[in-house]
>>> print(open('target_38.json').read())   # JSON, C-alpha atoms
[["chain", "number", "residue", "atom", "x", "y", "z"],
["A", 178, "MET", "CA", 32.17, -20.83, -76.75],
["A", 179, "ILE", "CA", 31.15, -22.24, -80.08],
["A", 180, "GLY", "CA", 30.78, -25.81, -78.85],
["A", 181, "ALA", "CA", 28.75, -25.08, -75.75],
["A", 182, "PRO", "CA", 25.02, -25.73, -75.85],
["A", 183, "LYS", "CA", 23.40, -22.52, -76.86],
["A", 184, "PRO", "CA", 19.86, -21.25, -76.42],
["A", 185, "ARG", "CA", 17.67, -21.90, -79.41],
["A", 186, "LEU", "CA", 18.67, -18.86, -81.44],
["A", 187, "ASP", "CA", 18.17, -20.49, -84.82],
["A", 188, "VAL", "CA", 14.92, -18.69, -85.43],
["A", 189, "SER", "CA", 16.40, -15.29, -84.71],
["A", 190, "GLU", "CA", 19.57, -16.23, -86.59],
["A", 191, "ALA", "CA", 17.48, -17.00, -89.66],
["A", 192, "GLU", "CA", 15.71, -13.71, -89.12],
["A", 193, "LEU", "CA", 19.01, -11.85, -88.82],
["A", 194, "ILE", "CA", 20.22, -13.42, -92.04],
["A", 195, "ARG", "CA", 17.04, -12.41, -93.77],
["A", 196, "ARG", "CA", 17.49, -8.83, -92.66],
["A", 197, "VAL", "CA", 21.14, -8.68, -93.70],
["A", 198, "CYS", "CA", 20.18, -9.91, -97.15],
["A", 199, "GLN", "CA", 17.76, -7.01, -97.29],
["A", 200, "GLY", "CA", 20.58, -4.58, -96.60],
["A", 201, "ASP", "CA", 20.54, -4.33, -92.79],
["A", 202, "LYS", "CA", 24.22, -4.16, -91.79],
["A", 203, "GLU", "CA", 23.45, -3.81, -88.09],
["A", 204, "ALA", "CA", 21.82, -7.22, -88.16],
["A", 205, "PHE", "CA", 25.12, -8.67, -89.38],
["A", 206, "TYR", "CA", 26.90, -7.47, -86.25],
["A", 207, "GLY", "CA", 24.36, -9.42, -84.21],
["A", 208, "LEU", "CA", 24.82, -12.47, -86.39],
["A", 209, "VAL", "CA", 28.62, -12.60, -86.17],
["A", 210, "GLY", "CA", 29.04, -11.30, -82.61],
["A", 211, "PRO", "CA", 28.74, -14.65, -80.80],
["A", 212, "TYR", "CA", 31.40, -16.19, -83.05],
["A", 213, "GLU", "CA", 34.05, -13.49, -83.17],
["A", 214, "ARG", "CA", 36.25, -15.26, -80.69],
["A", 215, "ALA", "CA", 35.87, -18.64, -82.40],
["A", 216, "VAL", "CA", 36.80, -17.08, -85.75],
["A", 217, "TYR", "CA", 39.89, -15.45, -84.27],
["A", 218, "VAL", "CA", 40.95, -18.62, -82.44],
["A", 219, "ALA", "CA", 40.56, -20.72, -85.60],
["A", 220, "ALA", "CA", 42.76, -18.26, -87.50],
["A", 221, "VAL", "CA", 45.46, -17.72, -84.87],
["A", 222, "SER", "CA", 45.80, -21.39, -84.00],
["A", 223, "ILE", "CA", 46.51, -22.15, -87.65],
["A", 224, "LEU", "CA", 48.73, -19.16, -88.37],
["A", 225, "ASN", "CA", 50.35, -18.74, -84.95],
["A", 226, "ASN", "CA", 50.59, -14.99, -85.60],
["A", 227, "PRO", "CA", 48.10, -12.52, -84.09],
["A", 228, "ALA", "CA", 48.47, -9.85, -86.78],
["A", 229, "ASP", "CA", 47.95, -12.27, -89.66],
["A", 230, "ALA", "CA", 45.16, -13.94, -87.74],
["A", 231, "GLU", "CA", 43.29, -10.69, -87.29],
["A", 232, "GLU", "CA", 43.56, -9.91, -91.00],
["A", 233, "VAL", "CA", 42.39, -13.38, -91.91],
["A", 234, "ALA", "CA", 39.54, -13.17, -89.41],
["A", 235, "GLN", "CA", 38.41, -9.90, -90.94],
["A", 236, "GLU", "CA", 38.66, -11.31, -94.46],
["A", 237, "ALA", "CA", 36.63, -14.34, -93.45],
["A", 238, "VAL", "CA", 33.89, -12.29, -91.83],
["A", 239, "LEU", "CA", 33.73, -9.96, -94.82],
["A", 240, "LYS", "CA", 33.50, -12.94, -97.14],
["A", 241, "ALA", "CA", 30.61, -14.28, -95.09],
["A", 242, "PHE", "CA", 28.96, -10.88, -95.32],
["A", 243, "THR", "CA", 29.26, -10.59, -99.08],
["A", 244, "HIS", "CA", 28.24, -14.20, -99.71],
["A", 245, "LEU", "CA", 25.48, -14.43, -97.15],
["A", 246, "ALA", "CA", 22.83, -14.84, -99.83],
["A", 247, "GLU", "CA", 24.51, -18.13, -100.80],
["A", 248, "PHE", "CA", 24.29, -19.54, -97.28],
["A", 249, "ARG", "CA", 21.78, -22.39, -97.04],
["A", 250, "ALA", "CA", 19.58, -21.76, -94.02],
["A", 251, "GLU", "CA", 19.34, -25.47, -93.10],
["A", 252, "ALA", "CA", 23.04, -25.53, -92.24],
["A", 253, "LYS", "CA", 24.54, -23.97, -89.13],
["A", 254, "PHE", "CA", 25.82, -20.48, -89.67],
["A", 255, "SER", "CA", 28.74, -21.02, -87.28],
["A", 256, "THR", "CA", 29.90, -24.10, -89.20],
["A", 257, "TRP", "CA", 29.88, -22.13, -92.44],
["A", 258, "LEU", "CA", 31.67, -19.18, -90.90],
["A", 259, "ILE", "CA", 34.43, -21.33, -89.37],
["A", 260, "GLN", "CA", 34.79, -23.18, -92.66],
["A", 261, "ILE", "CA", 35.40, -19.90, -94.46],
["A", 262, "THR", "CA", 37.89, -18.88, -91.77],
["A", 263, "ILE", "CA", 39.90, -22.07, -92.07],
["A", 264, "ASN", "CA", 40.01, -21.77, -95.85],
["A", 265, "GLU", "CA", 41.22, -18.18, -95.61],
["A", 266, "ALA", "CA", 43.88, -19.22, -93.10],
["A", 267, "ARG", "CA", 45.07, -21.98, -95.40],
["A", 268, "LEU", "CA", 45.25, -19.53, -98.32],
["A", 269, "ARG", "CA", 47.33, -17.21, -96.17],
["A", 270, "LEU", "CA", 49.68, -20.06, -95.27],
["A", 271, "ARG", "CA", 50.16, -20.88, -98.95],
["A", 272, "LYS", "CA", 51.04, -17.29, -99.72],
["A", 273, "ASP", "CA", 53.38, -16.96, -96.81],
["A", 274, "ARG", "CA", 56.93, -17.77, -97.98],
["A", 275, "ARG", "CA", 57.95, -18.93, -94.54],
["A", 276, "HIS", "CA", 55.67, -21.91, -94.86],
["A", 277, "LEU", "CA", 56.71, -23.01, -98.33],
["A", 278, "TYR", "CA", 58.31, -26.10, -96.87],
["A", 279, "GLU", "CA", 55.07, -27.19, -95.24],
["A", 280, "SER", "CA", 52.62, -28.92, -97.52],
["A", 281, "VAL", "CA", 49.18, -27.43, -97.16],
["A", 282, "ASP", "CA", 47.55, -29.90, -99.51],
["A", 283, "GLU", "CA", 48.91, -33.42, -99.55],
["A", 284, "PRO", "CA", 49.77, -35.46, -96.51],
["A", 285, "ARG", "CA", 53.40, -36.51, -96.43],
["A", 286, "LYS", "CA", 54.06, -40.18, -97.02],
["A", 287, "ASP", "CA", 55.20, -40.80, -93.48],
["A", 288, "GLU", "CA", 51.84, -39.64, -92.19],
["A", 289, "GLU", "CA", 49.98, -42.51, -93.76],
["A", 290, "GLY", "CA", 51.05, -45.35, -91.50],
["A", 291, "ASP", "CA", 50.33, -45.89, -87.82],
["A", 292, "TYR", "CA", 51.78, -43.31, -85.50],
["A", 293, "SER", "CA", 53.95, -44.83, -82.82],
["A", 294, "PRO", "CA", 54.52, -42.85, -79.64],
["A", 295, "LYS", "CA", 58.20, -42.02, -79.31],
["A", 296, "ASP", "CA", 58.39, -41.91, -75.60],
["A", 297, "PHE", "CA", 56.91, -43.84, -72.69],
["A", 298, "ALA", "CA", 57.84, -41.80, -69.66],
["A", 299, "ASP", "CA", 54.92, -41.52, -67.33],
["A", 300, "TRP", "CA", 53.89, -37.97, -66.68],
["A", 301, "ARG", "CA", 50.65, -38.62, -64.91],
["A", 302, "GLU", "CA", 50.83, -35.34, -63.08],
["A", 303, "ILE", "CA", 50.15, -32.08, -64.76],
["A", 304, "PRO", "CA", 52.58, -29.84, -62.92],
["A", 305, "SER", "CA", 50.55, -26.72, -63.54],
["A", 306, "GLU", "CA", 51.31, -25.54, -60.03],
["A", 307, "THR", "CA", 55.02, -25.63, -60.66],
["A", 308, "LEU", "CA", 54.80, -24.09, -64.08],
["A", 309, "LYS", "CA", 54.34, -20.47, -64.78],
["A", 310, "ARG", "CA", 51.18, -19.97, -66.78],
["A", 311, "ASN", "CA", 53.07, -18.18, -69.57],
["A", 312, "GLU", "CA", 55.63, -20.94, -69.87],
["A", 313, "LEU", "CA", 52.94, -23.53, -70.32],
["A", 314, "ARG", "CA", 50.95, -21.45, -72.76],
["A", 315, "ASN", "CA", 54.00, -20.75, -74.91],
["A", 316, "ALA", "CA", 55.06, -24.37, -74.89],
["A", 317, "LEU", "CA", 51.57, -25.42, -75.92],
["A", 318, "LYS", "CA", 51.53, -22.94, -78.77],
["A", 319, "ARG", "CA", 54.97, -24.03, -79.96],
["A", 320, "ALA", "CA", 53.95, -27.67, -79.81],
["A", 321, "LEU", "CA", 50.73, -26.88, -81.67],
["A", 322, "ALA", "CA", 52.64, -24.95, -84.33],
["A", 323, "SER", "CA", 54.94, -27.93, -84.84],
["A", 324, "LEU", "CA", 52.08, -30.19, -85.89],
["A", 325, "PRO", "CA", 51.36, -30.73, -89.58],
["A", 326, "LEU", "CA", 48.49, -28.45, -90.59],
["A", 327, "LYS", "CA", 46.01, -31.27, -91.15],
["A", 328, "TYR", "CA", 46.43, -32.51, -87.59],
["A", 329, "ARG", "CA", 46.55, -29.04, -86.08],
["A", 330, "GLU", "CA", 43.19, -28.12, -87.60],
["A", 331, "VAL", "CA", 41.46, -31.16, -86.12],
["A", 332, "LEU", "CA", 42.99, -30.63, -82.69],
["A", 333, "ILE", "CA", 41.87, -27.00, -82.72],
["A", 334, "LEU", "CA", 38.30, -27.77, -83.69],
["A", 335, "ARG", "CA", 37.89, -30.78, -81.37],
["A", 336, "ASP", "CA", 39.97, -30.05, -78.31],
["A", 337, "ILE", "CA", 40.02, -26.24, -78.27],
["A", 338, "GLN", "CA", 36.70, -25.30, -79.81],
["A", 339, "ASN", "CA", 35.00, -28.47, -78.52],
["A", 340, "LEU", "CA", 33.11, -29.16, -81.72],
["A", 341, "SER", "CA", 31.68, -32.62, -82.33],
["A", 342, "ILE", "CA", 33.33, -35.16, -84.62],
["A", 343, "GLU", "CA", 30.42, -34.63, -86.98],
["A", 344, "GLU", "CA", 30.78, -30.87, -87.10],
["A", 345, "THR", "CA", 34.55, -31.08, -87.44],
["A", 346, "ALA", "CA", 34.12, -33.46, -90.37],
["A", 347, "GLU", "CA", 31.67, -31.08, -92.00],
["A", 348, "ILE", "CA", 33.87, -28.02, -91.56],
["A", 349, "LEU", "CA", 36.95, -29.74, -92.97],
["A", 350, "GLY", "CA", 35.11, -31.67, -95.69],
["A", 351, "ILE", "CA", 36.45, -35.06, -94.57],
["A", 352, "SER", "CA", 34.92, -38.25, -93.18],
["A", 353, "GLU", "CA", 34.36, -38.78, -89.47],
["A", 354, "GLY", "CA", 36.81, -41.68, -89.59],
["A", 355, "ASN", "CA", 39.39, -39.34, -91.02],
["A", 356, "VAL", "CA", 38.74, -36.84, -88.24],
["A", 357, "LYS", "CA", 39.37, -39.54, -85.62],
["A", 358, "THR", "CA", 42.59, -40.71, -87.29],
["A", 359, "ARG", "CA", 43.97, -37.18, -87.56],
["A", 360, "LEU", "CA", 42.92, -36.41, -83.99],
["A", 361, "LEU", "CA", 44.77, -39.49, -82.77],
["A", 362, "ARG", "CA", 47.94, -38.43, -84.53],
["A", 363, "ALA", "CA", 47.58, -34.85, -83.38],
["A", 364, "ARG", "CA", 47.21, -35.85, -79.73],
["A", 365, "LEU", "CA", 50.08, -38.36, -79.81],
["A", 366, "GLN", "CA", 52.39, -35.89, -81.51],
["A", 367, "MET", "CA", 51.45, -33.20, -79.02],
["A", 368, "ARG", "CA", 52.29, -35.59, -76.22],
["A", 369, "ASP", "CA", 55.69, -36.31, -77.72],
["A", 370, "ALA", "CA", 56.32, -32.63, -78.32],
["A", 371, "LEU", "CA", 55.42, -31.67, -74.75],
["A", 372, "ALA", "CA", 56.90, -34.59, -72.83],
["A", 373, "PRO", "CA", 60.45, -33.28, -72.45],
["A", 374, "GLY", "CA", 59.14, -30.15, -70.78],
["A", 375, "ILE", "CA", 56.39, -31.68, -68.72],
["A", 376, "ASP", "CA", 58.48, -34.41, -67.20],
["A", 377, "GLY", "CA", 61.93, -32.90, -67.54],
["A", 378, "SER", "CA", 63.17, -29.38, -67.22],
["A", 379, "TRP", "CA", 59.92, -27.78, -66.20],
["A", 380, "SER", "CA", 58.97, -29.83, -63.21],
["A", 381, "THR", "CA", 62.36, -30.91, -61.94],
["A", 382, "GLY", "CA", 64.50, -27.99, -63.02],
["A", 383, "LYS", "CA", 66.96, -30.39, -64.58],
["A", 384, "PRO", "CA", 68.04, -29.63, -68.15],
["A", 385, "GLU", "CA", 68.25, -33.28, -69.05],
["A", 386, "TYR", "CA", 65.27, -35.37, -69.78],
["A", 387, "LYS", "CA", 65.38, -39.12, -69.68],
["A", 388, "LYS", "CA", 63.17, -40.62, -72.33],
["A", 389, "VAL", "CA", 61.79, -44.07, -71.79],
["A", 390, "ARG", "CA", 62.11, -46.11, -74.92],
["A", 391, "PRO", "CA", 59.98, -49.17, -75.66],
["A", 392, "TRP", "CA", 61.92, -52.47, -75.50],
["B", 192, "MET", "CA", 35.50, -65.53, -69.47],
["B", 193, "SER", "CA", 38.94, -64.38, -70.49],
["B", 194, "VAL", "CA", 39.36, -61.23, -72.48],
["B", 195, "ILE", "CA", 41.08, -61.52, -75.86],
["B", 196, "GLU", "CA", 44.51, -59.93, -75.78],
["B", 197, "ILE", "CA", 45.25, -56.86, -77.80],
["B", 198, "SER", "CA", 48.56, -55.62, -79.12],
["B", 199, "CYS", "CA", 50.14, -52.31, -78.17],
["B", 200, "LEU", "CA", 49.85, -51.18, -81.78],
["B", 201, "GLU", "CA", 46.12, -51.76, -81.73],
["B", 202, "VAL", "CA", 45.88, -49.93, -78.43],
["B", 203, "TRP", "CA", 47.68, -46.89, -79.82],
["B", 204, "ARG", "CA", 45.35, -46.87, -82.81],
["B", 205, "GLU", "CA", 42.30, -46.63, -80.55],
["B", 206, "ILE", "CA", 43.72, -44.64, -77.67],
["B", 207, "SER", "CA", 42.27, -41.31, -78.79],
["B", 208, "ASN", "CA", 38.78, -42.81, -79.16],
["B", 209, "TYR", "CA", 39.20, -44.44, -75.76],
["B", 210, "VAL", "CA", 39.95, -41.07, -74.17],
["B", 211, "ASP", "CA", 36.74, -39.75, -75.75],
["B", 212, "ASP", "CA", 34.82, -42.77, -74.47],
["B", 213, "ASP", "CA", 34.12, -43.70, -78.07],
["B", 214, "VAL", "CA", 35.02, -47.40, -78.27],
["B", 215, "ALA", "CA", 32.74, -50.43, -78.35],
["B", 216, "PRO", "CA", 32.36, -52.27, -75.01],
["B", 217, "ALA", "CA", 34.29, -55.38, -76.13],
["B", 218, "LEU", "CA", 37.24, -53.33, -77.31],
["B", 219, "ARG", "CA", 37.07, -51.19, -74.21],
["B", 220, "ALA", "CA", 37.36, -54.27, -72.01],
["B", 221, "ARG", "CA", 40.38, -55.52, -73.96],
["B", 222, "MET", "CA", 42.07, -52.15, -73.71],
["B", 223, "GLU", "CA", 41.41, -51.86, -69.99],
["B", 224, "ALA", "CA", 42.93, -55.27, -69.42],
["B", 225, "HIS", "CA", 45.92, -54.23, -71.50],
["B", 226, "PHE", "CA", 46.45, -51.01, -69.52],
["B", 227, "LYS", "CA", 46.56, -53.03, -66.31],
["B", 228, "SER", "CA", 49.51, -55.05, -67.53],
["B", 229, "CYS", "CA", 51.36, -52.68, -69.86],
["B", 230, "ALA", "CA", 53.08, -49.73, -68.21],
["B", 231, "HIS", "CA", 54.11, -48.18, -71.52],
["B", 232, "CYS", "CA", 50.59, -48.03, -72.88],
["B", 233, "LYS", "CA", 49.29, -46.79, -69.53],
["B", 234, "ALA", "CA", 51.86, -43.99, -69.75],
["B", 235, "VAL", "CA", 50.71, -43.13, -73.27],
["B", 236, "LEU", "CA", 47.09, -43.13, -72.08],
["B", 237, "ASP", "CA", 47.77, -40.84, -69.14],
["B", 238, "GLY", "CA", 49.88, -38.56, -71.29],
["B", 239, "THR", "CA", 47.18, -38.34, -73.94],
["B", 240, "LYS", "CA", 44.54, -37.49, -71.34],
["B", 241, "ASN", "CA", 46.85, -34.79, -70.03],
["B", 242, "VAL", "CA", 47.37, -33.36, -73.49],
["B", 243, "VAL", "CA", 43.63, -33.09, -74.02],
["B", 244, "LYS", "CA", 43.22, -31.32, -70.71],
["B", 245, "LEU", "CA", 46.20, -29.02, -71.26],
["B", 246, "VAL", "CA", 45.11, -28.03, -74.73],
["B", 247, "ALA", "CA", 41.56, -27.34, -73.58],
["B", 248, "ASP", "CA", 42.61, -25.28, -70.55],
["B", 249, "GLY", "CA", 45.99, -23.89, -71.37],
["B", 250, "VAL", "CA", 46.21, -22.46, -74.85],
["B", 251, "GLU", "CA", 44.16, -19.38, -74.02],
["B", 252, "TYR", "CA", 44.44, -17.30, -77.12],
["B", 253, "GLU", "CA", 43.67, -13.72, -76.28],
["B", 254, "VAL", "CA", 41.64, -11.84, -78.78],
["B", 255, "PRO", "CA", 43.59, -8.60, -79.44],
["B", 256, "SER", "CA", 42.02, -5.60, -77.78],
["B", 257, "GLY", "CA", 40.07, -3.51, -80.25],
["B", 258, "PHE", "CA", 39.47, -6.55, -82.46],
["B", 259, "SER", "CA", 35.72, -6.10, -82.44],
["B", 260, "ASP", "CA", 35.86, -2.39, -83.27],
["B", 261, "ARG", "CA", 38.30, -2.88, -86.13],
["B", 262, "LEU", "CA", 36.21, -5.73, -87.47],
["B", 263, "TYR", "CA", 32.99, -3.77, -87.49],
["B", 264, "ARG", "CA", 34.67, -0.77, -89.02],
["B", 265, "LYS", "CA", 35.67, -3.02, -91.91],
["B", 266, "ILE", "CA", 32.12, -4.29, -92.27],
["B", 267, "LYS", "CA", 30.78, -0.78, -92.14],
["B", 268, "GLY", "CA", 33.11, 0.21, -94.93],
["B", 269, "LYS", "CA", 31.68, -2.45, -97.25]]
>>> encode(input="target_38.json", output="C-alpha cells")
Amino acid sequence: MIGAPKPRLDVSEAELIRRVCQGDKEAFYGLVGPYERAVYVAAVSILNNPADAEEVAQEAVLKAFTHLAEFRAEAKFSTWLIQITINEARLRLRKDRRHLYESVDEPRKDEEGDYSPKDFADWREIPSETLKRNELRNALKRALASLPLKYREVLILRDIQNLSIEETAEILGISEGNVKTRLLRARLQMRDALAPGIDGSWSTGKPEYKKVRPW
Amino acid sequence: MSVIEISCLEVWREISNYVDDDVAPALRARMEAHFKSCAHCKAVLDGTKNVVKLVADGVEYEVPSGFSDRLYRKIKGK
C-alpha cells in the first residue's frame, strides 16, 4: 500500500527513471508496478465508476511516462503519480455531463462555516458481524460518492491510502491546515451519511431510524 | 487544577485531529473532560472513530482483473 513504510527503493527508483528517460520501457513497468493499485483506487474513489477509473488510470500512467523527463528526482515519484491521477480524474468529472451540477472548482458557500453533526445517536458498535460485507461496502461507496469532491479526495488520500497530512497537502496543492479542515468535514459528513444504516435498518432490521437531535 | 471548559462547537472543530491524536495536551485534556460529561459529543467521537475504521477496512476497491495487462499494453503502444 502506498502509505506503508517501504524498503529504501529510492536509489533504484532514481535508476529506473534514468533508464526510462534513455528509452527503456521495461524499466517503466518496474517503476509504476508498486503503485498500480493506488492509482486505480485514487481514480475509482473519485469517479465511482470502474470503467472510467481504468481509463483515467491508464491516461495518468501514460502522462507520467511521456512527462517523466520533467519529474524532479528530489520529489517522491508516487506523490507525483497520484497527483497526475487526481488531476485526470477531476478533468474527467468536468467532462462528464452527469456531474455538471457538482462544482469541481469552487467550494459552495455553505461549506465555509463550521460543520455541525446532524445526528447524535450513539453507534459505538460496528455491527460488521450482522452486516453482509457487500452491503457495507456498497453503503460506504454510496456515502463516499455523496461527499463534495474536495472532501472526498482528502478522505481517500488520508483514510484509504493512509498518506500523511504533509503528503496529502502536497498532492492536492493545499495547506496542511486546509487538509485537516476538509478531513474533519469529510469524516463528519460520512458519519451522518452512514448513521441511518449503521444504527437503524442494518443492525436492527427495522426500517425506521430514530435520529437523536441536539437540544 | 480545574480544566477550562470547552464548547461543543469547539469540540467538533477539533474532533478529527483528536481521533488522529493530533491535538496539543492542554486541548486534549479539555476535550477529554468534555467527553465525560457530554453524551452527544461522545457519540460524535465514537461515530467518527468508527467511520475512520470502516473506511480504512471496508471500502475494498477491487482492481479489475486484467488491469495490469491492459495498462502495459497501452504503455507498450506508446
>>> residues_around(input="target_38.json", residues="stretch 337-341 of chain A", least_positions_apart="2", cutoff="7 Å", atoms="only C-alpha atoms", output="list of chain:residue names")
A:Ile179, A:Gly180, A:Leu332, A:Ile333, A:Leu334, A:Arg335, A:Glu343, A:Glu344, A:Thr345, B:Val246, B:Ala247
>>> residues_around(input="target_38.json", residues="B:Val210", least_positions_apart="3", cutoff="7 Å", atoms="all atoms listed in the file", output="PyMOL selection string")
chain B and resi 206-207+240
>>> atom_distance(input="target_38.json", atom1="atom CA of A:Leu371", atom2="atom CA of B:Glu201")
23.2 Å
>>> axis_aligned_box(input="target_38.json", around="stretch 322-333 of chain A", padding_each_side="3 Å", output="lines of an AutoDock Vina configuration file")
center_x = 48.2
center_y = -28.7
center_z = -86.9
size_x = 19.5
size_y = 13.6
size_z = 14.5
>>> closest_residue(input="target_38.json", among="A:Leu349, A:Ala219, A:Leu361, A:Val233", to="chain B", atoms="all atoms listed in the file")
A:Leu361
>>> interface_residues(input="target_38.json", of="chain A", to="chain B", cutoff="8 Å", atoms="only C-alpha atoms", output="ChimeraX atom specification")
/A:202,206,213-214,217-218,221,227,231,235,239,242,291-294,297-301,303,310,313-315,317-318,336-337,357,360-361,364-365,367-368,391
>>> atom_distance(input="target_38.json", atom1="atom CA of A:Arg267", atom2="atom CA of A:Leu326")
8.8 Å
>>> residues_around(input="target_38.json", residues="A:Phe248", least_positions_apart="3", cutoff="12 Å", atoms="all atoms listed in the file", output="list in words")
Ala191, Ile194, Arg195, Val197, Cys198, Lys240, Ala241, Phe242, Thr243, His244, Leu245, Glu251, Ala252, Lys253, Phe254, Ser255, Thr256, Trp257, Leu258 and Ile261 of chain A
>>> atom_distance(input="target_38.json", atom1="atom CA of A:Gly210", atom2="atom CA of A:Ala228")
19.9 Å
>>> build_atoms(input="target_38.json", residues="stretch 210-233 of chain B", atoms="N, CA and C atoms", output="tab-separated table (two decimals), in the coordinates of the input")
chain	number	residue	atom	x	y	z
B	210	VAL	N	39.97	-42.28	-75.01
B	210	VAL	CA	39.95	-41.07	-74.17
B	210	VAL	C	38.62	-40.34	-74.31
B	211	ASP	N	38.04	-40.40	-75.51
B	211	ASP	CA	36.74	-39.75	-75.75
B	211	ASP	C	35.58	-40.66	-75.42
B	212	ASP	N	35.86	-41.81	-74.82
B	212	ASP	CA	34.82	-42.77	-74.47
B	212	ASP	C	34.03	-43.19	-75.70
B	213	ASP	N	34.75	-43.42	-76.78
B	213	ASP	CA	34.12	-43.70	-78.07
B	213	ASP	C	34.60	-45.03	-78.64
B	214	VAL	N	34.67	-46.06	-77.78
B	214	VAL	CA	35.02	-47.40	-78.27
B	214	VAL	C	33.93	-48.37	-77.85
B	215	ALA	N	33.75	-49.41	-78.66
B	215	ALA	CA	32.74	-50.43	-78.35
B	215	ALA	C	33.12	-51.17	-77.06
B	216	PRO	N	32.11	-51.64	-76.32
B	216	PRO	CA	32.36	-52.27	-75.01
B	216	PRO	C	33.39	-53.40	-75.04
B	217	ALA	N	33.35	-54.24	-76.07
B	217	ALA	CA	34.29	-55.38	-76.13
B	217	ALA	C	35.72	-54.87	-76.25
B	218	LEU	N	35.92	-53.92	-77.12
B	218	LEU	CA	37.24	-53.33	-77.31
B	218	LEU	C	37.69	-52.60	-76.05
B	219	ARG	N	36.76	-51.91	-75.44
B	219	ARG	CA	37.07	-51.19	-74.21
B	219	ARG	C	37.60	-52.14	-73.13
B	220	ALA	N	36.94	-53.28	-73.01
B	220	ALA	CA	37.36	-54.27	-72.01
B	220	ALA	C	38.77	-54.78	-72.31
B	221	ARG	N	39.05	-55.03	-73.59
B	221	ARG	CA	40.38	-55.52	-73.96
B	221	ARG	C	41.44	-54.46	-73.66
B	222	MET	N	41.10	-53.23	-73.95
B	222	MET	CA	42.07	-52.15	-73.71
B	222	MET	C	42.30	-51.97	-72.21
B	223	GLU	N	41.25	-52.03	-71.44
B	223	GLU	CA	41.41	-51.86	-69.99
B	223	GLU	C	42.29	-52.94	-69.41
B	224	ALA	N	42.09	-54.17	-69.89
B	224	ALA	CA	42.93	-55.27	-69.42
B	224	ALA	C	44.38	-55.01	-69.82
B	225	HIS	N	44.58	-54.51	-71.02
B	225	HIS	CA	45.92	-54.23	-71.50
B	225	HIS	C	46.61	-53.15	-70.65
B	226	PHE	N	45.87	-52.09	-70.31
B	226	PHE	CA	46.45	-51.01	-69.52
B	226	PHE	C	46.89	-51.50	-68.14
B	227	LYS	N	46.20	-52.51	-67.63
B	227	LYS	CA	46.56	-53.03	-66.31
B	227	LYS	C	47.91	-53.70	-66.34
B	228	SER	N	48.27	-54.27	-67.49
B	228	SER	CA	49.51	-55.05	-67.53
B	228	SER	C	50.62	-54.39	-68.34
B	229	CYS	N	50.33	-53.29	-69.02
B	229	CYS	CA	51.36	-52.68	-69.86
B	229	CYS	C	51.63	-51.24	-69.41
B	230	ALA	N	52.75	-51.05	-68.75
B	230	ALA	CA	53.08	-49.73	-68.21
B	230	ALA	C	53.29	-48.69	-69.31
B	231	HIS	N	53.86	-49.13	-70.43
B	231	HIS	CA	54.11	-48.18	-71.52
B	231	HIS	C	52.81	-47.61	-72.04
B	232	CYS	N	51.86	-48.50	-72.33
B	232	CYS	CA	50.59	-48.03	-72.88
B	232	CYS	C	49.81	-47.22	-71.85
B	233	LYS	N	49.95	-47.57	-70.58
B	233	LYS	CA	49.29	-46.79	-69.53
B	233	LYS	C	49.87	-45.38	-69.52
